[in-house]
Structures are given as C-alpha cells and as structure tokens.
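Enquirer: My file is entry37.csv. It has CSV, C-alpha atoms:
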chain,number,residue,atom,x,y,z
W,14,MET,CA,171.3,95.1,112.9
W,15,SER,CA,169.4,98.3,113.2
W,16,PRO,CA,167.4,99.4,110.2
W,17,ARG,CA,169.4,102.6,110.0
W,18,LEU,CA,172.7,100.8,109.8
W,19,ALA,CA,171.3,98.3,107.3
W,20,THR,CA,170.3,101.2,105.1
W,21,VAL,CA,173.7,102.8,105.4
W,22,LEU,CA,175.4,99.6,104.4
W,23,LEU,CA,173.0,99.0,101.6
W,24,TRP,CA,173.9,102.4,100.1
W,25,ALA,CA,177.6,101.8,100.7
W,26,ALA,CA,177.3,98.5,98.8
W,27,LEU,CA,175.7,100.2,95.8
W,28,PRO,CA,178.9,101.8,94.3
W,29,LEU,CA,180.9,98.7,95.1
W,30,ARG,CA,178.3,96.5,93.4
W,31,VAL,CA,178.4,98.6,90.2
W,32,TYR,CA,182.1,98.9,90.3
W,33,MET,CA,182.6,95.1,90.6
W,34,GLY,CA,180.2,94.6,87.8
W,35,MET,CA,182.1,97.0,85.6
W,36,VAL,CA,185.4,95.3,86.5
W,37,PHE,CA,184.1,91.9,85.5
W,38,ILE,CA,182.5,93.3,82.3
W,39,ALA,CA,185.8,95.0,81.4
W,40,ALA,CA,187.7,91.8,82.2
W,41,SER,CA,185.5,89.7,80.0
W,42,LEU,CA,185.7,91.8,76.8
W,43,TYR,CA,189.3,91.0,75.6
W,44,LYS,CA,188.8,87.3,76.6
W,45,ILE,CA,185.6,87.1,74.5
W,46,TYR,CA,187.2,89.0,71.6
W,47,GLU,CA,190.5,87.0,71.7
W,48,PRO,CA,189.7,83.5,73.1
W,49,PHE,CA,193.0,82.1,71.7
W,50,GLN,CA,195.0,84.7,73.6
W,51,PHE,CA,193.1,84.0,76.8
W,52,ALA,CA,193.6,80.3,76.3
W,53,LEU,CA,197.3,81.0,76.0
W,54,SER,CA,197.1,83.0,79.2
W,55,VAL,CA,195.4,80.1,81.0
W,56,ALA,CA,198.0,77.6,79.6
W,57,THR,CA,200.8,79.9,80.9
W,58,TYR,CA,199.6,79.4,84.5
W,59,GLN,CA,200.4,75.7,84.0
W,60,MET,CA,197.6,74.8,86.3
W,61,VAL,CA,194.8,73.5,84.1
W,62,PRO,CA,195.0,70.2,82.1
W,63,LEU,CA,195.4,70.7,78.4
W,64,GLU,CA,191.9,69.1,77.7
W,65,VAL,CA,190.2,71.7,79.9
W,66,ILE,CA,192.1,74.9,78.8
W,67,ASN,CA,189.9,75.8,75.8
W,68,LEU,CA,186.7,74.9,77.6
W,69,PHE,CA,187.7,77.2,80.4
W,70,ALA,CA,188.9,80.0,78.1
W,71,LEU,CA,185.6,79.9,76.1
W,72,ALA,CA,183.2,79.7,79.0
W,73,LEU,CA,184.7,81.8,81.8
W,74,PRO,CA,184.6,85.1,80.0
W,75,TRP,CA,180.9,84.7,79.4
W,76,VAL,CA,180.3,83.9,83.1
W,77,GLU,CA,182.2,87.1,83.9
W,78,LEU,CA,180.2,89.2,81.4
W,79,VAL,CA,176.8,87.8,82.4
W,80,VAL,CA,177.6,88.2,86.1
W,81,GLY,CA,179.1,91.6,85.6
W,82,VAL,CA,175.9,92.8,83.8
W,83,THR,CA,173.6,91.3,86.5
W,84,MET,CA,175.7,93.0,89.2
W,85,VAL,CA,175.5,96.4,87.5
W,86,LEU,CA,171.7,96.0,87.1
W,87,GLY,CA,171.3,94.7,90.6
W,88,LEU,CA,169.6,91.5,89.3
W,89,TRP,CA,170.1,88.4,91.5
W,90,THR,CA,172.7,90.4,93.3
W,91,ARG,CA,173.4,87.8,96.0
W,92,GLU,CA,173.9,85.0,93.5
W,93,SER,CA,176.0,87.2,91.2
W,94,SER,CA,178.2,88.3,94.0
W,95,LEU,CA,178.6,84.7,95.2
W,96,LEU,CA,179.8,83.7,91.7
W,97,ILE,CA,182.2,86.6,91.6
W,98,ILE,CA,183.5,85.6,95.0
W,99,GLY,CA,184.1,82.1,93.7
W,100,MET,CA,185.9,83.4,90.7
W,101,MET,CA,188.0,85.8,92.7
W,102,VAL,CA,189.1,83.0,95.0
W,103,MET,CA,190.0,80.9,91.9
W,104,PHE,CA,191.9,83.8,90.4
W,105,MET,CA,193.9,84.4,93.6
W,106,ALA,CA,194.7,80.7,93.9
W,107,ALA,CA,196.0,80.7,90.4
W,108,LEU,CA,198.1,83.8,91.1
W,109,LEU,CA,199.5,82.4,94.3
W,110,TYR,CA,200.3,79.2,92.4
W,111,ALA,CA,202.1,81.1,89.7
W,112,LEU,CA,204.0,83.3,92.2
W,113,SER,CA,205.0,80.2,94.2
W,114,ARG,CA,206.6,78.8,91.1
W,115,ASP,CA,208.2,82.2,90.4
W,116,LEU,CA,206.6,82.3,86.9
W,117,GLN,CA,207.3,85.6,85.2
W,118,MET,CA,204.1,86.3,83.3
W,119,SER,CA,201.3,88.7,82.7
W,120,CYS,CA,198.2,88.3,84.8
W,121,GLY,CA,196.0,87.9,81.6
W,122,CYS,CA,193.2,89.4,83.6
W,123,PHE,CA,192.4,92.4,81.3
W,124,ALA,CA,194.8,91.9,78.4
W,125,SER,CA,196.8,89.2,76.7
W,126,GLN,CA,200.2,87.8,77.8
W,127,ASP,CA,201.9,90.5,75.7
W,128,ALA,CA,200.8,93.1,78.1
W,129,ALA,CA,203.3,94.5,80.6
W,130,ASP,CA,201.3,93.9,83.8
W,131,GLU,CA,203.5,91.3,85.3
W,132,ILE,CA,202.0,89.4,88.2
W,133,GLY,CA,203.2,90.1,91.7
W,134,TRP,CA,202.1,90.7,95.2
W,135,HIS,CA,200.4,93.9,94.0
W,136,THR,CA,198.1,91.7,91.9
W,137,ILE,CA,197.2,89.6,95.0
W,138,ALA,CA,196.6,92.8,96.9
W,139,ARG,CA,194.3,94.2,94.2
W,140,ASP,CA,192.3,91.0,94.0
W,141,SER,CA,192.1,90.8,97.8
W,142,LEU,CA,190.4,94.3,97.8
W,143,TRP,CA,188.0,93.1,95.0
W,144,LEU,CA,187.3,90.0,97.0
W,145,LEU,CA,186.5,92.1,100.1
W,146,ALA,CA,184.3,94.4,98.0
W,147,SER,CA,182.4,91.4,96.6
W,148,LEU,CA,181.9,90.0,100.1
W,149,PHE,CA,180.6,93.4,101.3
W,150,VAL,CA,178.1,93.4,98.4
W,151,CYS,CA,177.1,89.8,99.1
W,152,PHE,CA,176.4,90.5,102.8
W,153,PHE,CA,175.0,93.9,102.7
W,154,ASP,CA,173.3,94.5,99.3
W,155,THR,CA,169.9,93.2,99.9
W,156,GLY,CA,168.8,94.0,96.3
W,157,ARG,CA,166.6,96.9,97.1
W,158,LEU,CA,168.6,99.3,95.0
W,159,GLY,CA,168.5,97.3,91.8
W,160,LEU,CA,166.2,95.1,89.7
W,161,ASP,CA,165.9,92.7,92.6
W,162,ARG,CA,163.5,95.1,94.1
W,163,PHE,CA,161.0,94.1,91.5
W,164,LEU,CA,161.6,90.4,92.0
W,165,SER,CA,159.9,89.1,95.2
W,166,PRO,CA,161.6,91.7,97.4
W,167,ARG,CA,160.2,90.2,100.6
W,168,THR,CA,162.0,86.9,100.0
W,169,THR,CA,165.3,88.0,98.7
W,170,MET,CA,167.9,86.0,100.5
W,171,GLY,CA,169.5,87.9,103.4
W,172,ASP,CA,166.7,90.4,103.7
W,173,ASN,CA,165.7,91.1,107.2
W,174,PRO,CA,162.1,90.3,107.8
L,17,MET,CA,167.7,74.8,109.5
L,18,LYS,CA,164.6,76.9,108.9
L,19,ALA,CA,162.4,76.0,105.9
L,20,THR,CA,162.6,79.5,104.5
L,21,THR,CA,166.4,79.3,104.6
L,22,ILE,CA,166.4,76.0,102.7
L,23,ILE,CA,164.1,77.5,100.1
L,24,GLN,CA,166.3,80.6,99.8
L,25,LEU,CA,169.4,78.4,99.4
L,26,LYS,CA,167.7,76.3,96.8
L,27,ARG,CA,166.7,79.4,95.0
L,28,SER,CA,170.2,80.8,95.1
L,29,ALA,CA,171.6,77.5,93.8
L,30,TRP,CA,169.1,77.5,91.0
L,31,ARG,CA,169.8,81.1,90.0
L,32,MET,CA,173.5,80.5,90.0
L,33,THR,CA,173.0,77.5,87.8
L,34,VAL,CA,170.9,79.7,85.4
L,35,LEU,CA,173.6,82.4,85.3
L,36,VAL,CA,176.3,79.8,84.4
L,37,GLY,CA,173.9,78.0,82.0
L,38,VAL,CA,173.1,81.2,80.1
L,39,SER,CA,176.8,82.0,80.0
L,40,LEU,CA,177.6,78.6,78.5
L,41,VAL,CA,174.9,78.9,75.9
L,42,LEU,CA,176.2,82.3,74.9
L,43,ALA,CA,179.8,80.9,74.8
L,44,VAL,CA,178.7,78.0,72.5
L,45,VAL,CA,176.6,80.3,70.2
L,46,VAL,CA,179.3,83.0,69.8
L,47,ASN,CA,182.1,80.5,69.3
L,48,LEU,CA,180.1,78.8,66.6
L,49,ALA,CA,179.5,82.2,64.9
L,50,ARG,CA,183.3,82.9,64.8
L,51,PRO,CA,185.0,82.6,61.4
L,52,ALA,CA,187.5,80.3,63.0
L,53,PRO,CA,186.0,78.8,66.2
L,54,LEU,CA,188.3,77.8,69.0
L,55,PRO,CA,188.0,74.0,69.4
L,56,TRP,CA,186.6,73.1,72.8
L,57,VAL,CA,189.4,70.8,73.4
L,58,ALA,CA,193.0,71.9,72.5
L,59,GLN,CA,194.4,69.9,69.7
L,60,ALA,CA,198.1,70.4,70.7
L,61,PRO,CA,199.9,71.8,73.7
L,62,TYR,CA,200.2,75.6,73.8
L,63,GLU,CA,203.7,77.0,73.3
L,64,ILE,CA,204.4,78.9,76.4
L,65,PHE,CA,207.7,80.4,77.4
L,66,ASP,CA,209.4,78.6,80.3
L,67,ASP,CA,211.6,80.6,82.6
L,68,CYS,CA,215.1,80.8,81.5
L,69,PRO,CA,217.6,78.8,83.5
L,70,GLU,CA,219.3,81.0,86.0
L,71,ALA,CA,223.0,80.7,87.0
L,72,THR,CA,223.5,79.4,90.5
L,73,GLN,CA,227.3,80.1,90.5
L,74,THR,CA,229.2,83.3,90.0
L,75,ALA,CA,232.4,83.2,88.0
L,76,THR,CA,235.4,85.3,89.1
L,77,ALA,CA,236.5,88.3,87.1
L,78,VAL,CA,240.1,88.7,86.0
L,79,THR,CA,241.8,91.6,84.2
L,80,ALA,CA,242.7,91.1,80.6
L,81,ASP,CA,246.5,91.2,81.2
L,82,LYS,CA,246.2,88.6,84.0
L,83,ALA,CA,244.1,86.4,81.8
L,84,LEU,CA,246.7,86.5,79.1
L,85,ARG,CA,249.5,85.4,81.5
L,86,ARG,CA,247.5,82.3,82.7
L,87,GLN,CA,248.9,79.0,81.5
L,88,ASP,CA,246.9,75.8,80.8
L,89,SER,CA,243.8,77.8,79.8
L,90,LEU,CA,241.0,77.3,77.4
L,91,TRP,CA,239.6,80.6,75.9
L,92,VAL,CA,235.9,80.8,75.2
L,93,ASP,CA,234.4,83.5,73.0
L,94,ALA,CA,230.8,84.4,74.1
L,95,ARG,CA,230.2,86.9,71.3
L,96,SER,CA,228.0,86.4,68.2
L,97,ALA,CA,229.1,84.0,65.5
L,98,GLN,CA,229.6,86.9,63.2
L,99,GLU,CA,231.9,88.7,65.6
L,100,TYR,CA,233.8,85.5,66.2
L,101,ALA,CA,234.3,84.9,62.5
L,102,VAL,CA,235.9,88.3,62.0
L,103,LEU,CA,238.4,88.1,64.8
L,104,HIS,CA,238.9,86.2,68.1
L,105,VAL,CA,241.6,85.2,70.5
L,106,LYS,CA,243.8,82.6,69.1
L,107,ASN,CA,242.5,79.0,69.6
L,108,ALA,CA,239.4,80.3,71.4
L,109,ARG,CA,236.2,78.2,71.2
L,110,HIS,CA,233.0,79.9,70.2
L,111,VAL,CA,230.1,79.4,72.5
L,112,ALA,CA,227.6,82.3,71.8
L,113,TYR,CA,225.7,83.5,74.9
L,114,ASP,CA,222.0,83.5,74.4
L,115,PRO,CA,219.9,84.7,77.4
L,116,LEU,CA,216.9,82.6,76.3
L,117,PHE,CA,218.5,79.2,76.0
L,118,PRO,CA,220.8,77.1,78.2
L,119,VAL,CA,224.4,76.5,77.0
L,120,ASP,CA,224.6,73.9,74.3
L,121,GLU,CA,225.3,70.4,75.9
L,122,ALA,CA,227.9,69.7,73.2
L,123,ALA,CA,229.8,72.9,74.0
L,124,LEU,CA,229.7,72.0,77.7
L,125,THR,CA,231.0,68.5,77.0
L,126,ALA,CA,233.8,69.9,74.8
L,127,ILE,CA,234.9,72.4,77.4
L,128,LYS,CA,234.8,69.8,80.2
L,129,SER,CA,236.7,67.3,78.2
L,130,ALA,CA,239.4,69.8,77.3
L,131,GLY,CA,240.5,69.4,81.0
L,132,ARG,CA,242.3,72.7,81.2
L,133,ARG,CA,243.0,74.4,84.6
L,134,TRP,CA,241.4,77.7,83.5
L,135,VAL,CA,238.4,78.4,81.3
L,136,ILE,CA,238.7,82.1,80.4
L,137,VAL,CA,235.6,83.6,78.9
L,138,TYR,CA,235.4,86.9,77.1
L,139,GLY,CA,232.6,88.7,75.3
L,140,SER,CA,231.3,92.1,74.6
L,141,ASP,CA,229.2,94.0,77.1
L,142,GLN,CA,228.0,91.5,79.8
L,143,THR,CA,228.0,88.4,77.6
L,144,GLY,CA,231.3,87.1,78.9
L,145,ARG,CA,230.3,87.4,82.5
L,146,LEU,CA,226.9,85.8,81.9
L,147,LEU,CA,228.3,82.9,80.0
L,148,ALA,CA,231.0,82.4,82.6
L,149,ASP,CA,228.3,82.2,85.3
L,150,ASP,CA,226.4,79.6,83.2
L,151,LEU,CA,229.6,77.5,82.7
L,152,ALA,CA,230.4,77.7,86.4
L,153,SER,CA,226.9,76.7,87.2
L,154,ALA,CA,227.2,73.8,84.9
L,155,GLY,CA,230.0,72.5,87.1
L,156,ILE,CA,233.0,73.5,85.1
L,157,PRO,CA,235.9,74.3,87.4
L,158,GLY,CA,238.3,77.3,87.0
L,159,VAL,CA,235.9,79.5,85.0
L,160,VAL,CA,236.8,83.2,85.0
L,161,TYR,CA,235.8,86.1,82.7
L,162,VAL,CA,237.8,88.9,81.3
L,163,GLU,CA,236.9,92.4,82.6
L,164,GLU,CA,236.0,94.8,79.8
L,165,GLY,CA,235.9,91.8,77.5
L,166,PHE,CA,237.2,91.5,73.9
L,167,PRO,CA,237.9,95.3,73.4
L,168,ARG,CA,240.4,95.2,76.2
L,169,LEU,CA,242.1,92.1,74.8
L,170,GLN,CA,242.5,93.9,71.5
L,171,GLU,CA,244.0,96.9,73.2
L,172,LEU,CA,246.6,94.6,74.8
L,173,ALA,CA,247.4,93.1,71.5
L,174,ALA,CA,246.4,89.5,72.5
L,175,PRO,CA,247.2,86.9,69.9
L,176,MET,CA,244.3,86.8,67.5
L,177,ASP,CA,243.0,84.6,64.8
L,178,ALA,CA,240.2,84.7,62.2
L,179,THR,CA,239.5,80.9,62.3
L,180,GLY,CA,239.4,78.5,65.2
L,181,ALA,CA,237.9,75.5,66.8
L,182,ARG,CA,234.2,75.4,67.4
L,183,PRO,CA,232.7,72.8,69.7
Step by step, read the file and then write its structure as structure tokens.

Expert:
Amino acid sequence: MSPRLATVLLWAALPLRVYMGMVFIAASLYKIYEPFQFALSVATYQMVPLEVINLFALALPWVELVVGVTMVLGLWTRESSLLIIGMMVMFMAALLYALSRDLQMSCGCFASQDAADEIGWHTIARDSLWLLASLFVCFFDTGRLGLDRFLSPRTTMGDNP
Amino acid sequence: MKATTIIQLKRSAWRMTVLVGVSLVLAVVVNLARPAPLPWVAQAPYEIFDDCPEATQTATAVTADKALRRQDSLWVDARSAQEYAVLHVKNARHVAYDPLFPVDEAALTAIKSAGRRWVIVYGSDQTGRLLADDLASAGIPGVVYVEEGFPRLQELAAPMDATGARP
C-alpha cells in the first residue's frame, strides 16, 4: 500500500474509531446503571444458561465501556477494535438466533426490554455496518492519531515498517 | 511466521486480556458498591414473556340471523365475565378471550365433549373471531363466529339470559 493511501485510510478510520467508541460507551451506560434490566434482556434471548446470565450482564457492559473509552482515546486501538469485532459478531449471532425463533422483543442494546426498539432485520443491518466500521478501524487505524502514537509507535501491530 | 509477528500477536493477546481483566475488576468493585448487588449467579429463572400462541386455523364468519337459525349448536360467549353476567345468549358458555393466554384446557374439553355440530362464537369487537380461530386451531370442528358479534344478536332479539353454564 502506498504511503499516501495509508494516510488517507488512517484519517478515514479516525471518525469511525471515535464513533464506534462512543457507540459502545453509550451502549454500556444503561447496562451498568440497571444490571438487572440488562440481565433480563440477556435472559429474553433464551440463549445463555441461567448460571451465566448475571455474570454476563455484570461483566459485558464494563468491557463495552473500557473498550469504548480506549477506542475514543486511540489507546491499544487494534486490540480494542478486535474486542469490539468479537462483541459485534456475538451480538449479531444472538440477534439472528432470536429472529430465527421469531422472538418479539427489544434489542436491549441501548435500553431495557421496555423500550420500543423491537429487533428485526434493520437491527442486523445496523450491526453489520458497525461491524464493517470496526473492521475498517482494525485494519487501517495504525494508532498514529491517538494515544498509541506515544506507545512504541514503531512496533504497533499492523504498522508498515 | 516471522518472529516480530509472533511478538505482536502475543502483545495483542496480552493487551486484550488486560482490557477484559480491568473490565472485570471494575464490574466486581462497582457491583459490590451497589446498595443491592446483583448476584453473580441468578438465584431463580427470569420471568420472561413467551410468545403468545398463534391461531393456525381460521374460523368461518356467519351472519347473526343465520347463526340463530342453526340447529344443534353450542353458543360460546367470548366477552368479559362482567359482560357475560349482565346478559348473554341463552345457554351460552362463557370462555373469555385473552390475547395473552391460550384457551383454558377445561373449556376446550367441555366444548369438545358437548359434541354439537356447530360451535357459534360471539363477542364484542374482534374477540369472537379471535376466540373462534383459537377454538378451530385447537381441533374443534364446526366453529364459526358471528359477524358484528353480540350487539347484532341483541338487535335481532336473540333469546337471552342472565345466568348460564360456565365450563
């Protein structure tokens, strides 16, 4: 890849990185504030064993928040985006599972089950776009426009020598 | 695989472990600080709403005057218990339609065991049609519903009663 193109892609990845970070921070807040409601959302998907629901509901929002903050700051960008990609794949698998069972329910992504945002193919489409954005960041954000710049910039994974 | 790539992969794995580890520590600390911490393992199953059972059969509509002329029929009142108590078609059974719950098994058994040729369902609004669909879906033969429901039966001066059989 030419240095010029790499620079263009790097700058293109910047707003996507900040946006995805903000999305994950926003998604984590209600879950942290209302863990029971989020646990109920997890249970509604009927995918996770009962013994794991609360563990999942308590831990996942903090991973979202921490990774969201590091994405916004551009700290450990590659690793943060990889975690976000993993979570997006997991969320989409859960949505597809719920849709395949024709469950009429709220996504539980940004608000509790009481919210009116019923899941559908539009939710899958939205998450697909976010997954693509995360992949773009993962591949093209080499960390030079964030705090990664100050952490061994020469050896940041994916940097062209 | 190049040595530098292996080092980078190891570093990435380590960093991701740190990110998840920090998150878990925060989760534990904040949950402990809550006035009512959420237990890490659920004590009882969560009460979630299951999908309502959907009718798989569609009952036929009949006009009120045709329904009144049918012989060997069992009348079923799909309205609320209060409405039924005030006035209902003579000898009609009360089976209130509730969109959130399946039809009561005892009511289904009673209607089946009546062995009538026709099961004529009436209600107010759409309740008659919906209950009729549910009854037909439960395998009861000869289920029909009255168009325009109870108000139309009243207009036609159908024989009425204020007390009746309840399954």

Enquirer: Could you tell me how far atom CA of Leu116 of chain W lies from atom CA of Ile64 of chain L, in Å and to one decimal?

Expert: 11.3 Å

Enquirer: Report as JSON lines the residues of chain L within 10 Å of chain W, each with its shortest atom pair and distance in Å (one decimal), using all atoms listed in the file, ordered by chain and increasing residue number.

Expert:
{"residue": "L:Thr20", "atom": "CA", "partner": "W:Thr168", "partner_atom": "CA", "distance": 8.7}
{"residue": "L:Thr21", "atom": "CA", "partner": "W:Met170", "partner_atom": "CA", "distance": 8.0}
{"residue": "L:Ile23", "atom": "CA", "partner": "W:Met170", "partner_atom": "CA", "distance": 9.3}
{"residue": "L:Gln24", "atom": "CA", "partner": "W:Met170", "partner_atom": "CA", "distance": 5.7}
{"residue": "L:Leu25", "atom": "CA", "partner": "W:Met170", "partner_atom": "CA", "distance": 7.8}
{"residue": "L:Arg27", "atom": "CA", "partner": "W:Met170", "partner_atom": "CA", "distance": 8.7}
{"residue": "L:Ser28", "atom": "CA", "partner": "W:Glu92", "partner_atom": "CA", "distance": 5.8}
{"residue": "L:Ala29", "atom": "CA", "partner": "W:Glu92", "partner_atom": "CA", "distance": 7.9}
{"residue": "L:Trp30", "atom": "CA", "partner": "W:Glu92", "partner_atom": "CA", "distance": 9.2}
{"residue": "L:Arg31", "atom": "CA", "partner": "W:Glu92", "partner_atom": "CA", "distance": 6.7}
{"residue": "L:Met32", "atom": "CA", "partner": "W:Glu92", "partner_atom": "CA", "distance": 5.7}
{"residue": "L:Thr33", "atom": "CA", "partner": "W:Glu92", "partner_atom": "CA", "distance": 9.5}
{"residue": "L:Leu35", "atom": "CA", "partner": "W:Val79", "partner_atom": "CA", "distance": 6.9}
{"residue": "L:Val36", "atom": "CA", "partner": "W:Val76", "partner_atom": "CA", "distance": 5.9}
{"residue": "L:Gly37", "atom": "CA", "partner": "W:Val76", "partner_atom": "CA", "distance": 8.8}
{"residue": "L:Val38", "atom": "CA", "partner": "W:Val79", "partner_atom": "CA", "distance": 7.9}
{"residue": "L:Ser39", "atom": "CA", "partner": "W:Trp75", "partner_atom": "CA", "distance": 4.9}
{"residue": "L:Leu40", "atom": "CA", "partner": "W:Ala72", "partner_atom": "CA", "distance": 5.7}
{"residue": "L:Val41", "atom": "CA", "partner": "W:Ala72", "partner_atom": "CA", "distance": 8.9}
{"residue": "L:Leu42", "atom": "CA", "partner": "W:Trp75", "partner_atom": "CA", "distance": 6.9}
{"residue": "L:Ala43", "atom": "CA", "partner": "W:Ala72", "partner_atom": "CA", "distance": 5.5}
{"residue": "L:Val44", "atom": "CA", "partner": "W:Leu71", "partner_atom": "CA", "distance": 8.0}
{"residue": "L:Val46", "atom": "CA", "partner": "W:Ile45", "partner_atom": "CA", "distance": 8.9}
{"residue": "L:Asn47", "atom": "CA", "partner": "W:Leu71", "partner_atom": "CA", "distance": 7.7}
{"residue": "L:Arg50", "atom": "CA", "partner": "W:Tyr46", "partner_atom": "CA", "distance": 9.9}
{"residue": "L:Pro53", "atom": "CA", "partner": "W:Pro48", "partner_atom": "CA", "distance": 9.1}
{"residue": "L:Leu54", "atom": "CA", "partner": "W:Phe49", "partner_atom": "CA", "distance": 6.9}
{"residue": "L:Pro55", "atom": "CA", "partner": "W:Asn67", "partner_atom": "CA", "distance": 6.9}
{"residue": "L:Trp56", "atom": "CA", "partner": "W:Leu68", "partner_atom": "CA", "distance": 5.1}
{"residue": "L:Val57", "atom": "CA", "partner": "W:Glu64", "partner_atom": "CA", "distance": 5.3}
{"residue": "L:Ala58", "atom": "CA", "partner": "W:Asn67", "partner_atom": "CA", "distance": 6.0}
{"residue": "L:Gln59", "atom": "CA", "partner": "W:Glu64", "partner_atom": "CA", "distance": 8.4}
{"residue": "L:Ala60", "atom": "CA", "partner": "W:Leu63", "partner_atom": "CA", "distance": 8.2}
{"residue": "L:Pro61", "atom": "CA", "partner": "W:Leu63", "partner_atom": "CA", "distance": 6.6}
{"residue": "L:Tyr62", "atom": "CA", "partner": "W:Leu53", "partner_atom": "CA", "distance": 6.5}
{"residue": "L:Glu63", "atom": "CA", "partner": "W:Leu53", "partner_atom": "CA", "distance": 8.0}
{"residue": "L:Ile64", "atom": "CA", "partner": "W:Thr57", "partner_atom": "CA", "distance": 5.8}
{"residue": "L:Phe65", "atom": "CA", "partner": "W:Thr57", "partner_atom": "CA", "distance": 7.8}
{"residue": "L:Asp66", "atom": "CA", "partner": "W:Leu116", "partner_atom": "CA", "distance": 8.1}
{"residue": "L:Asp67", "atom": "CA", "partner": "W:Leu116", "partner_atom": "CA", "distance": 6.8}
{"residue": "L:Cys68", "atom": "CA", "partner": "W:Gln117", "partner_atom": "CA", "distance": 9.9}

Enquirer: With 12 Å as the threshold, what does the neighbourhood of (239.0, 93.3, 80.7) contain in terms of residues, counting only C-alpha atoms? Coordinates are those of the file; answer as a PyMOL selection string.

Expert: chain L and resi 77-84+136-142+144-145+160-172+174

Enquirer: Would you output that residue set with C-alpha atoms, as a PDB file, in the coordinates of the input?

Expert:
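Saved result, selection_39.pdb, follows:
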ATOM      1  CA  ALA L  77     236.500  88.300  87.100  1.00  0.00           C
ATOM      2  CA  VAL L  78     240.100  88.700  86.000  1.00  0.00           C
ATOM      3  CA  THR L  79     241.800  91.600  84.200  1.00  0.00           C
ATOM      4  CA  ALA L  80     242.700  91.100  80.600  1.00  0.00           C
ATOM      5  CA  ASP L  81     246.500  91.200  81.200  1.00  0.00           C
ATOM      6  CA  LYS L  82     246.200  88.600  84.000  1.00  0.00           C
ATOM      7  CA  ALA L  83     244.100  86.400  81.800  1.00  0.00           C
ATOM      8  CA  LEU L  84     246.700  86.500  79.100  1.00  0.00           C
ATOM      9  CA  ILE L 136     238.700  82.100  80.400  1.00  0.00           C
ATOM     10  CA  VAL L 137     235.600  83.600  78.900  1.00  0.00           C
ATOM     11  CA  TYR L 138     235.400  86.900  77.100  1.00  0.00           C
ATOM     12  CA  GLY L 139     232.600  88.700  75.300  1.00  0.00           C
ATOM     13  CA  SER L 140     231.300  92.100  74.600  1.00  0.00           C
ATOM     14  CA  ASP L 141     229.200  94.000  77.100  1.00  0.00           C
ATOM     15  CA  GLN L 142     228.000  91.500  79.800  1.00  0.00           C
ATOM     16  CA  GLY L 144     231.300  87.100  78.900  1.00  0.00           C
ATOM     17  CA  ARG L 145     230.300  87.400  82.500  1.00  0.00           C
ATOM     18  CA  VAL L 160     236.800  83.200  85.000  1.00  0.00           C
ATOM     19  CA  TYR L 161     235.800  86.100  82.700  1.00  0.00           C
ATOM     20  CA  VAL L 162     237.800  88.900  81.300  1.00  0.00           C
ATOM     21  CA  GLU L 163     236.900  92.400  82.600  1.00  0.00           C
ATOM     22  CA  GLU L 164     236.000  94.800  79.800  1.00  0.00           C
ATOM     23  CA  GLY L 165     235.900  91.800  77.500  1.00  0.00           C
ATOM     24  CA  PHE L 166     237.200  91.500  73.900  1.00  0.00           C
ATOM     25  CA  PRO L 167     237.900  95.300  73.400  1.00  0.00           C
ATOM     26  CA  ARG L 168     240.400  95.200  76.200  1.00  0.00           C
ATOM     27  CA  LEU L 169     242.100  92.100  74.800  1.00  0.00           C
ATOM     28  CA  GLN L 170     242.500  93.900  71.500  1.00  0.00           C
ATOM     29  CA  GLU L 171     244.000  96.900  73.200  1.00  0.00           C
ATOM     30  CA  LEU L 172     246.600  94.600  74.800  1.00  0.00           C
ATOM     31  CA  ALA L 174     246.400  89.500  72.500  1.00  0.00           C
TER      32      ALA L 174
END

Enquirer: Report the distance between atom CA of His104 of chain L and atom CA of Gln73 of chain L in Å, rounded to one decimal place.

Expert: 26.0 Å

Enquirer: For Thr74 of chain L, please output as a VMD selection string all residues within 8 Å (counting all atoms listed in the file; exclusion window: fewer than 6 positions along the same chain).

Expert: chain L and resid 148 to 149 152 to 153

Enquirer: Looking at only C-alpha atoms, which of L:Ala75, L:Ile22, L:Pro175, L:Leu147 is the one that sits closest to Phe117 of chain L?

Expert: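 Smallest distance to Phe117 of chain L is found for L:Leu147.
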
Enquirer: One number please: atom CA of Val111 of chain L to atom CA of Ala123 of chain L, in Å, one decimal.

Expert: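 If I compute the distance from atom CA of Val111 of chain L to atom CA of Ala123 of chain L, I get 6.7 Å.
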
Enquirer: Which is closest to Arg86 of chain L among L:Ala49, L:Leu103, L:Gly158, L:Leu151, if we use all atoms listed in the file?

Expert: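 The answer is L:Gly158, which sits nearest to Arg86 of chain L.
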
Enquirer: For the point (241.0, 73.6, 73.9) in file coordinates, what residues are within 9 Å, counting only C-alpha atoms? Give the answer as number ranges by chain?

Expert: L: 89-92, 107-109, 126-127, 129-132, 181

Enquirer: Can I get the selection written as a PDB file, keeping the file's coordinate frame, with C-alpha atoms?

Expert:
ATOM      1  CA  SER L  89     243.800  77.800  79.800  1.00  0.00           C
ATOM      2  CA  LEU L  90     241.000  77.300  77.400  1.00  0.00           C
ATOM      3  CA  TRP L  91     239.600  80.600  75.900  1.00  0.00           C
ATOM      4  CA  VAL L  92     235.900  80.800  75.200  1.00  0.00           C
ATOM      5  CA  ASN L 107     242.500  79.000  69.600  1.00  0.00           C
ATOM      6  CA  ALA L 108     239.400  80.300  71.400  1.00  0.00           C
ATOM      7  CA  ARG L 109     236.200  78.200  71.200  1.00  0.00           C
ATOM      8  CA  ALA L 126     233.800  69.900  74.800  1.00  0.00           C
ATOM      9  CA  ILE L 127     234.900  72.400  77.400  1.00  0.00           C
ATOM     10  CA  SER L 129     236.700  67.300  78.200  1.00  0.00           C
ATOM     11  CA  ALA L 130     239.400  69.800  77.300  1.00  0.00           C
ATOM     12  CA  GLY L 131     240.500  69.400  81.000  1.00  0.00           C
ATOM     13  CA  ARG L 132     242.300  72.700  81.200  1.00  0.00           C
ATOM     14  CA  ALA L 181     237.900  75.500  66.800  1.00  0.00           C
TER      15      ALA L 181
END

Enquirer: Set the distance at 10 Å and use only C-alpha atoms: which residues neighbour Ala178 of chain L once local chain neighbours fewer than 2 positions away are removed? I'd like the list as a CSV table (one decimal) with C-alpha atoms, in the frame of the given file.

Expert:
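Done, and the output landed in out_34.csv:
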chain,number,residue,atom,x,y,z
L,99,GLU,CA,231.9,88.7,65.6
L,100,TYR,CA,233.8,85.5,66.2
L,101,ALA,CA,234.3,84.9,62.5
L,102,VAL,CA,235.9,88.3,62.0
L,103,LEU,CA,238.4,88.1,64.8
L,104,HIS,CA,238.9,86.2,68.1
L,105,VAL,CA,241.6,85.2,70.5
L,106,LYS,CA,243.8,82.6,69.1
L,107,ASN,CA,242.5,79.0,69.6
L,176,MET,CA,244.3,86.8,67.5
L,180,GLY,CA,239.4,78.5,65.2

Enquirer: Please provide as an MDAnalysis selection string all residues within 7 Å of Gly34 of chain W, with the sequence filter that same-chain residues fewer than 4 positions apart are discarded (counting only C-alpha atoms).

Expert: chainID W and resid 30 38 81:82 84:85

Enquirer: Nearest to Leu116 of chain L among L:Ala97, L:Leu146, L:Val135, L:Val45, with distances taken over only C-alpha atoms: which residue is it?

Expert: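 That would be L:Leu146, the residue with the smallest distance to Leu116 of chain L.
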